Amino acid sequence: MSRDIQLKDRWEKVVELLSNQFAEGEKLDLDAIIYLIGVQELGNFKKNFQKDEKVNLMHIAICKLLEPYGYYEFDFFDKEGWPHYKIKEELPPLKAGEQSILMKDAIVNYFLEKQLIE
């Protein structure tokens with residue numbers, strides 16, 4: 001199976017899993033999935049987040065997802081329990097489609113690591 005087909009199949013498994021669990025089957029998009037990963041990484045599931053906190057949650061998720069690729073490194077938790085990352089290497093300039101593929105690949109790897117998909 002080619003890498004592209006495998007990524008597509010695994011991505012669909014992630015989308016189905018999260019859509020069924022969090023959106024009553026309505027298909028979640030990439031941003032929604034990144035947001036959910038940010039909430040998971042923060043570990044605070046019962047709070048209503050402000051707009052700026054939602055942006056920060058997405059940032060946490062992106063840092064966590066791109067950490068295995070060498071772009072970010074966990075630094076510390078602040079007094080409110082929010083994780084902070086430092087940049088290890090700048091992301092290369094990517095076109096929108098390339099960014100989407102990188103994030104989908106990172107999300108699939110995250111779910112494989114957590115053993116939530118095969």
# chains A, B, ... in the order shown; residues from 1 in each chain; ligands from 1

call {"tool": "residues_around", "arguments": {"residues": "stretch 29-38 of chain A", "least_positions_apart": "5", "cutoff": "12 Å", "atoms": "only C-alpha atoms", "output": "short mmCIF file (atom, residue, chain, number, x, y, z; two decimals) with all heavy atoms, in the first residue's frame"}}
result
data_model
loop_
_atom_site.label_atom_id
_atom_site.label_comp_id
_atom_site.auth_asym_id
_atom_site.auth_seq_id
_atom_site.Cartn_x
_atom_site.Cartn_y
_atom_site.Cartn_z
N TRP A 11 -6.16 8.54 8.19
CA TRP A 11 -6.78 9.84 8.48
C TRP A 11 -8.29 9.67 8.59
O TRP A 11 -8.92 10.23 9.51
CB TRP A 11 -6.41 10.87 7.41
CG TRP A 11 -7.16 12.16 7.58
CD1 TRP A 11 -8.14 12.65 6.79
CD2 TRP A 11 -7.02 13.09 8.65
NE1 TRP A 11 -8.62 13.84 7.28
CE2 TRP A 11 -7.94 14.14 8.42
CE3 TRP A 11 -6.21 13.16 9.77
CZ2 TRP A 11 -8.07 15.23 9.28
CZ3 TRP A 11 -6.33 14.25 10.62
CH2 TRP A 11 -7.26 15.26 10.38
N GLU A 12 -8.88 8.92 7.68
CA GLU A 12 -10.32 8.69 7.73
C GLU A 12 -10.73 7.97 9.01
O GLU A 12 -11.79 8.26 9.58
CB GLU A 12 -10.79 7.92 6.49
CG GLU A 12 -10.76 8.73 5.22
CD GLU A 12 -11.61 10.00 5.29
OE1 GLU A 12 -12.71 9.98 5.86
OE2 GLU A 12 -11.14 11.04 4.78
N VAL A 14 -9.21 8.32 11.94
CA VAL A 14 -9.15 9.35 12.97
C VAL A 14 -10.40 10.22 12.91
O VAL A 14 -11.04 10.48 13.94
CB VAL A 14 -7.87 10.21 12.83
CG1 VAL A 14 -7.94 11.44 13.74
CG2 VAL A 14 -6.63 9.40 13.13
N VAL A 15 -10.74 10.68 11.72
CA VAL A 15 -11.90 11.55 11.56
C VAL A 15 -13.17 10.84 12.01
O VAL A 15 -13.99 11.41 12.74
CB VAL A 15 -12.04 12.03 10.09
CG1 VAL A 15 -13.36 12.73 9.86
CG2 VAL A 15 -10.87 12.93 9.71
N GLU A 16 -13.33 9.58 11.62
CA GLU A 16 -14.52 8.82 12.01
C GLU A 16 -14.58 8.64 13.53
O GLU A 16 -15.63 8.85 14.14
CB GLU A 16 -14.52 7.46 11.32
CG GLU A 16 -15.74 6.62 11.64
CD GLU A 16 -15.72 5.27 10.94
OE1 GLU A 16 -14.88 5.04 10.08
OE2 GLU A 16 -16.58 4.45 11.29
N LEU A 17 -13.46 8.26 14.13
CA LEU A 17 -13.40 8.05 15.57
C LEU A 17 -13.81 9.32 16.33
O LEU A 17 -14.69 9.28 17.20
CB LEU A 17 -11.99 7.63 15.98
CG LEU A 17 -11.71 7.50 17.47
CD1 LEU A 17 -12.36 6.24 18.02
CD2 LEU A 17 -10.21 7.48 17.73
N LEU A 18 -13.21 10.44 15.99
CA LEU A 18 -13.48 11.68 16.71
C LEU A 18 -14.84 12.26 16.37
O LEU A 18 -15.52 12.81 17.25
CB LEU A 18 -12.38 12.71 16.43
CG LEU A 18 -11.00 12.35 16.98
CD1 LEU A 18 -9.98 13.39 16.59
CD2 LEU A 18 -11.04 12.16 18.49
N SER A 19 -15.26 12.14 15.13
CA SER A 19 -16.57 12.66 14.73
C SER A 19 -17.68 11.92 15.46
O SER A 19 -18.65 12.54 15.91
CB SER A 19 -16.75 12.53 13.22
OG SER A 19 -15.81 13.35 12.53
N GLN A 21 -17.38 10.40 18.34
CA GLN A 21 -17.29 10.63 19.78
C GLN A 21 -17.66 12.06 20.18
O GLN A 21 -18.23 12.27 21.24
CB GLN A 21 -15.87 10.31 20.26
CG GLN A 21 -15.73 10.32 21.76
CD GLN A 21 -14.40 9.74 22.19
OE1 GLN A 21 -13.62 9.25 21.41
NE2 GLN A 21 -14.15 9.80 23.48
N PHE A 22 -17.34 13.05 19.32
CA PHE A 22 -17.50 14.43 19.73
C PHE A 22 -18.46 15.26 18.89
O PHE A 22 -18.78 16.38 19.26
CB PHE A 22 -16.14 15.14 19.74
CG PHE A 22 -15.19 14.58 20.76
CD1 PHE A 22 -14.17 13.73 20.38
CD2 PHE A 22 -15.33 14.88 22.10
CE1 PHE A 22 -13.29 13.20 21.32
CE2 PHE A 22 -14.48 14.36 23.05
CZ PHE A 22 -13.45 13.52 22.64
N ALA A 23 -18.90 14.74 17.76
CA ALA A 23 -19.74 15.56 16.87
C ALA A 23 -20.96 14.81 16.37
O ALA A 23 -21.50 15.15 15.32
CB ALA A 23 -18.91 16.06 15.69
N GLY A 43 -5.45 18.66 29.30
CA GLY A 43 -6.02 17.80 30.34
C GLY A 43 -7.16 18.43 31.11
O GLY A 43 -7.57 17.92 32.15
N ASN A 44 -7.70 19.53 30.63
CA ASN A 44 -8.81 20.21 31.28
C ASN A 44 -10.03 20.08 30.37
O ASN A 44 -10.17 20.84 29.42
CB ASN A 44 -8.47 21.68 31.54
CG ASN A 44 -9.52 22.39 32.34
OD1 ASN A 44 -10.66 21.94 32.45
ND2 ASN A 44 -9.16 23.53 32.90
N PHE A 45 -10.90 19.13 30.64
CA PHE A 45 -11.97 18.77 29.72
C PHE A 45 -13.31 19.44 30.04
O PHE A 45 -14.22 19.36 29.25
CB PHE A 45 -12.17 17.26 29.72
CG PHE A 45 -10.90 16.51 29.45
CD1 PHE A 45 -10.25 15.85 30.47
CD2 PHE A 45 -10.34 16.50 28.19
CE1 PHE A 45 -9.07 15.17 30.23
CE2 PHE A 45 -9.17 15.82 27.93
CZ PHE A 45 -8.54 15.15 28.96
N PHE A 49 -13.73 27.42 27.19
CA PHE A 49 -12.54 28.21 26.88
C PHE A 49 -12.91 29.51 26.16
O PHE A 49 -13.80 29.53 25.32
CB PHE A 49 -11.58 27.39 26.01
CG PHE A 49 -11.03 26.19 26.71
CD1 PHE A 49 -11.55 24.93 26.46
CD2 PHE A 49 -10.01 26.31 27.64
CE1 PHE A 49 -11.06 23.81 27.11
CE2 PHE A 49 -9.50 25.21 28.30
CZ PHE A 49 -10.03 23.96 28.03
N LYS A 51 -11.92 32.69 23.56
CA LYS A 51 -11.38 32.64 22.19
C LYS A 51 -9.86 32.55 22.19
O LYS A 51 -9.28 31.73 21.47
CB LYS A 51 -11.84 33.86 21.39
CG LYS A 51 -11.39 33.81 19.96
CD LYS A 51 -11.90 34.98 19.17
CE LYS A 51 -11.42 34.87 17.73
NZ LYS A 51 -11.89 35.95 16.90
N GLU A 53 -7.92 31.41 24.49
CA GLU A 53 -7.52 30.11 25.02
C GLU A 53 -7.68 29.02 23.96
O GLU A 53 -6.87 28.10 23.90
CB GLU A 53 -8.35 29.75 26.25
CG GLU A 53 -8.04 30.61 27.46
CD GLU A 53 -8.94 30.32 28.65
OE1 GLU A 53 -10.16 30.13 28.45
OE2 GLU A 53 -8.41 30.28 29.77
N LYS A 54 -8.70 29.14 23.13
CA LYS A 54 -8.89 28.18 22.04
C LYS A 54 -7.73 28.24 21.06
O LYS A 54 -7.24 27.20 20.60
CB LYS A 54 -10.23 28.42 21.33
CG LYS A 54 -11.42 28.07 22.19
CD LYS A 54 -12.72 28.38 21.49
CE LYS A 54 -13.91 28.06 22.40
NZ LYS A 54 -15.18 28.37 21.79
N VAL A 55 -7.28 29.44 20.76
CA VAL A 55 -6.11 29.60 19.89
C VAL A 55 -4.88 28.97 20.56
O VAL A 55 -4.10 28.26 19.91
CB VAL A 55 -5.87 31.09 19.57
CG1 VAL A 55 -4.53 31.29 18.86
CG2 VAL A 55 -7.01 31.65 18.74
N ASN A 56 -4.73 29.20 21.86
CA ASN A 56 -3.60 28.61 22.59
C ASN A 56 -3.68 27.08 22.61
O ASN A 56 -2.65 26.41 22.53
CB ASN A 56 -3.54 29.16 24.01
CG ASN A 56 -3.10 30.61 24.06
OD1 ASN A 56 -2.47 31.11 23.14
ND2 ASN A 56 -3.47 31.29 25.13
N LEU A 57 -4.89 26.53 22.72
CA LEU A 57 -5.05 25.08 22.69
C LEU A 57 -4.60 24.51 21.34
O LEU A 57 -3.95 23.46 21.29
CB LEU A 57 -6.51 24.69 22.95
CG LEU A 57 -6.97 24.83 24.39
CD1 LEU A 57 -8.48 24.74 24.48
CD2 LEU A 57 -6.30 23.78 25.27
N MET A 58 -4.94 25.21 20.27
CA MET A 58 -4.50 24.76 18.95
C MET A 58 -2.98 24.85 18.83
O MET A 58 -2.34 23.97 18.26
CB MET A 58 -5.20 25.55 17.86
CG MET A 58 -6.70 25.24 17.83
SD MET A 58 -7.57 26.09 16.54
CE MET A 58 -7.14 25.09 15.13
N HIS A 59 -2.39 25.88 19.42
CA HIS A 59 -0.94 26.01 19.41
C HIS A 59 -0.28 24.86 20.18
O HIS A 59 0.71 24.29 19.72
CB HIS A 59 -0.53 27.37 20.00
CG HIS A 59 0.95 27.56 20.07
ND1 HIS A 59 1.72 27.75 18.95
CD2 HIS A 59 1.80 27.55 21.12
CE1 HIS A 59 2.99 27.86 19.32
NE2 HIS A 59 3.06 27.75 20.63
N ILE A 60 -0.83 24.53 21.34
CA ILE A 60 -0.32 23.40 22.13
C ILE A 60 -0.35 22.13 21.28
O ILE A 60 0.62 21.36 21.25
CB ILE A 60 -1.15 23.20 23.41
CG1 ILE A 60 -0.88 24.32 24.40
CG2 ILE A 60 -0.88 21.84 24.05
CD1 ILE A 60 -1.87 24.36 25.56
N ALA A 61 -1.47 21.90 20.61
CA ALA A 61 -1.60 20.69 19.80
C ALA A 61 -0.57 20.67 18.68
O ALA A 61 0.08 19.64 18.44
CB ALA A 61 -3.01 20.60 19.23
N ILE A 62 -0.42 21.78 18.00
CA ILE A 62 0.54 21.83 16.89
C ILE A 62 1.96 21.57 17.40
O ILE A 62 2.71 20.79 16.80
CB ILE A 62 0.44 23.18 16.15
CG1 ILE A 62 -0.89 23.24 15.40
CG2 ILE A 62 1.62 23.39 15.21
CD1 ILE A 62 -1.28 24.61 14.88
N CYS A 63 2.31 22.17 18.52
CA CYS A 63 3.64 21.92 19.10
C CYS A 63 3.82 20.45 19.45
O CYS A 63 4.84 19.84 19.13
CB CYS A 63 3.86 22.78 20.33
SG CYS A 63 4.00 24.54 19.99
N LYS A 64 2.83 19.87 20.11
CA LYS A 64 2.89 18.46 20.50
C LYS A 64 2.98 17.56 19.26
O LYS A 64 3.77 16.61 19.23
CB LYS A 64 1.65 18.10 21.33
CG LYS A 64 1.55 16.64 21.72
CD LYS A 64 2.67 16.23 22.64
CE LYS A 64 2.53 14.78 23.06
NZ LYS A 64 3.61 14.36 23.94
N LEU A 65 2.17 17.87 18.26
CA LEU A 65 2.15 17.05 17.05
C LEU A 65 3.45 17.13 16.26
O LEU A 65 3.88 16.14 15.66
CB LEU A 65 0.98 17.46 16.15
CG LEU A 65 -0.41 17.14 16.71
CD1 LEU A 65 -1.47 17.89 15.92
CD2 LEU A 65 -0.67 15.64 16.70
N LEU A 66 4.08 18.30 16.26
CA LEU A 66 5.30 18.48 15.48
C LEU A 66 6.58 18.23 16.29
O LEU A 66 7.68 18.27 15.74
CB LEU A 66 5.32 19.86 14.84
CG LEU A 66 4.20 20.11 13.83
CD1 LEU A 66 4.30 21.52 13.26
CD2 LEU A 66 4.21 19.07 12.72
N TRP A 82 -0.71 24.90 31.91
CA TRP A 82 -0.61 24.94 30.45
C TRP A 82 0.80 24.56 30.04
O TRP A 82 1.77 25.11 30.55
CB TRP A 82 -0.94 26.33 29.93
CG TRP A 82 -2.40 26.66 30.02
CD1 TRP A 82 -3.12 26.93 31.14
CD2 TRP A 82 -3.32 26.75 28.93
NE1 TRP A 82 -4.43 27.18 30.82
CE2 TRP A 82 -4.58 27.09 29.47
CE3 TRP A 82 -3.20 26.58 27.55
CZ2 TRP A 82 -5.71 27.25 28.68
CZ3 TRP A 82 -4.32 26.76 26.75
CH2 TRP A 82 -5.56 27.08 27.32
N PRO A 83 0.93 23.62 29.09
CA PRO A 83 2.26 23.26 28.61
C PRO A 83 2.83 24.35 27.70
O PRO A 83 2.09 25.02 26.98
CB PRO A 83 2.01 21.96 27.83
CG PRO A 83 0.58 22.00 27.45
CD PRO A 83 -0.13 22.82 28.49
N HIS A 84 4.14 24.50 27.78
CA HIS A 84 4.85 25.47 26.93
C HIS A 84 5.95 24.72 26.19
O HIS A 84 6.60 23.83 26.75
CB HIS A 84 5.44 26.60 27.76
CG HIS A 84 4.40 27.50 28.33
ND1 HIS A 84 4.07 28.71 27.76
CD2 HIS A 84 3.57 27.36 29.39
CE1 HIS A 84 3.11 29.27 28.46
NE2 HIS A 84 2.78 28.47 29.46
N GLN A 99 1.07 21.88 4.17
CA GLN A 99 0.81 22.04 5.61
C GLN A 99 -0.25 21.04 6.07
O GLN A 99 -0.11 20.40 7.11
CB GLN A 99 0.32 23.46 5.91
CG GLN A 99 1.35 24.52 5.82
CD GLN A 99 0.77 25.90 6.05
OE1 GLN A 99 -0.43 26.07 6.27
NE2 GLN A 99 1.62 26.91 6.01
N SER A 100 -1.30 20.91 5.27
CA SER A 100 -2.39 20.00 5.60
C SER A 100 -1.89 18.56 5.66
O SER A 100 -2.22 17.82 6.59
CB SER A 100 -3.50 20.15 4.56
OG SER A 100 -4.54 19.25 4.82
N ILE A 101 -1.08 18.16 4.71
CA ILE A 101 -0.55 16.79 4.71
C ILE A 101 0.36 16.56 5.91
O ILE A 101 0.27 15.52 6.57
CB ILE A 101 0.19 16.50 3.38
CG1 ILE A 101 -0.82 16.42 2.23
CG2 ILE A 101 1.00 15.21 3.47
CD1 ILE A 101 -0.20 16.41 0.85
N LEU A 102 1.22 17.53 6.22
CA LEU A 102 2.10 17.40 7.39
C LEU A 102 1.28 17.24 8.66
O LEU A 102 1.56 16.36 9.49
CB LEU A 102 3.01 18.63 7.50
CG LEU A 102 3.88 18.69 8.77
CD1 LEU A 102 4.84 17.51 8.84
CD2 LEU A 102 4.64 20.02 8.82
N MET A 103 0.24 18.06 8.83
CA MET A 103 -0.57 17.98 10.05
C MET A 103 -1.36 16.68 10.11
O MET A 103 -1.45 16.07 11.17
CB MET A 103 -1.49 19.19 10.16
CG MET A 103 -0.75 20.50 10.41
SD MET A 103 0.49 20.46 11.74
CE MET A 103 -0.51 19.99 13.14
N LYS A 104 -1.91 16.25 8.99
CA LYS A 104 -2.64 14.97 8.98
C LYS A 104 -1.70 13.82 9.32
O LYS A 104 -2.06 12.92 10.10
CB LYS A 104 -3.31 14.75 7.63
CG LYS A 104 -4.52 15.64 7.43
CD LYS A 104 -5.15 15.43 6.07
CE LYS A 104 -6.36 16.34 5.89
NZ LYS A 104 -6.98 16.18 4.56
N ASP A 105 -0.50 13.83 8.76
CA ASP A 105 0.48 12.80 9.06
C ASP A 105 0.84 12.82 10.55
O ASP A 105 0.88 11.78 11.20
CB ASP A 105 1.73 13.02 8.21
CG ASP A 105 2.73 11.89 8.34
OD1 ASP A 105 2.36 10.73 8.07
OD2 ASP A 105 3.89 12.17 8.71
N ALA A 106 1.05 14.02 11.10
CA ALA A 106 1.39 14.15 12.52
C ALA A 106 0.25 13.67 13.41
O ALA A 106 0.47 13.01 14.43
CB ALA A 106 1.75 15.60 12.83
N ILE A 107 -0.99 13.99 13.03
CA ILE A 107 -2.16 13.55 13.80
C ILE A 107 -2.30 12.04 13.74
O ILE A 107 -2.54 11.39 14.77
CB ILE A 107 -3.44 14.27 13.32
CG1 ILE A 107 -3.39 15.75 13.71
CG2 ILE A 107 -4.70 13.61 13.88
CD1 ILE A 107 -4.43 16.62 13.03
N VAL A 108 -2.15 11.47 12.57
CA VAL A 108 -2.22 10.00 12.43
C VAL A 108 -1.15 9.36 13.31
O VAL A 108 -1.44 8.40 14.04
CB VAL A 108 -2.08 9.59 10.95
CG1 VAL A 108 -1.75 8.11 10.82
CG2 VAL A 108 -3.36 9.91 10.19
N TYR A 110 0.20 10.56 16.01
CA TYR A 110 -0.23 10.78 17.39
C TYR A 110 -1.23 9.69 17.82
O TYR A 110 -1.12 9.11 18.89
CB TYR A 110 -0.84 12.17 17.50
CG TYR A 110 -1.39 12.57 18.85
CD1 TYR A 110 -0.56 13.15 19.81
CD2 TYR A 110 -2.74 12.42 19.15
CE1 TYR A 110 -1.07 13.56 21.03
CE2 TYR A 110 -3.26 12.82 20.38
CZ TYR A 110 -2.41 13.39 21.31
OH TYR A 110 -2.93 13.78 22.52
N PHE A 111 -2.20 9.42 16.94
CA PHE A 111 -3.22 8.42 17.25
C PHE A 111 -2.65 7.00 17.20
O PHE A 111 -3.09 6.14 17.97
CB PHE A 111 -4.44 8.58 16.34
CG PHE A 111 -5.39 9.62 16.84
CD1 PHE A 111 -5.12 10.97 16.66
CD2 PHE A 111 -6.53 9.27 17.54
CE1 PHE A 111 -5.97 11.94 17.16
CE2 PHE A 111 -7.39 10.23 18.05
CZ PHE A 111 -7.11 11.57 17.86
N LYS A 114 -0.79 6.61 20.50
CA LYS A 114 -1.74 6.42 21.60
C LYS A 114 -2.52 5.12 21.47
O LYS A 114 -3.36 4.81 22.31
CB LYS A 114 -2.72 7.60 21.68
CG LYS A 114 -2.07 8.95 21.83
CD LYS A 114 -2.00 9.34 23.25
CE LYS A 114 -1.49 10.78 23.37
NZ LYS A 114 -0.78 10.99 24.59
#

call {"tool": "atom_distance", "arguments": {"atom1": "atom CA of A:Gln50", "atom2": "atom CA of A:Lys79"}}
result
18.2 Å

call {"tool": "select_by_dssp", "arguments": {"residues": "chain A", "states": "strand (DSSP E)", "output": "MDAnalysis selection string"}}
result
chainID A and resid 72:77 83:87

call {"tool": "select_by_dssp", "arguments": {"residues": "stretch 26-74 of chain A", "states": "helix (DSSP H, G or I)", "output": "JSON, numbers by chain"}}
result
{"A": [30, 31, 32, 33, 34, 35, 36, 37, 38, 39, 40, 41, 42, 51, 52, 53, 54, 55, 56, 57, 58, 59, 60, 61, 62, 63, 64, 65, 66, 67, 68, 69]}

call {"tool": "residues_around", "arguments": {"residues": "stretch 85-91 of chain A", "least_positions_apart": "3", "cutoff": "7 Å", "atoms": "only C-alpha atoms", "output": "list in words"}}
result
Cys63, Gly70, Tyr71, Tyr72, Glu73, Phe74 and Asp75 of chain A

call {"tool": "atom_distance", "arguments": {"atom1": "atom CA of A:Glu24", "atom2": "atom CA of A:Arg3"}}
result
29.8 Å

call {"tool": "atom_distance", "arguments": {"atom1": "atom CA of A:Lys27", "atom2": "atom CA of A:Glu67"}}
result
26.5 Å
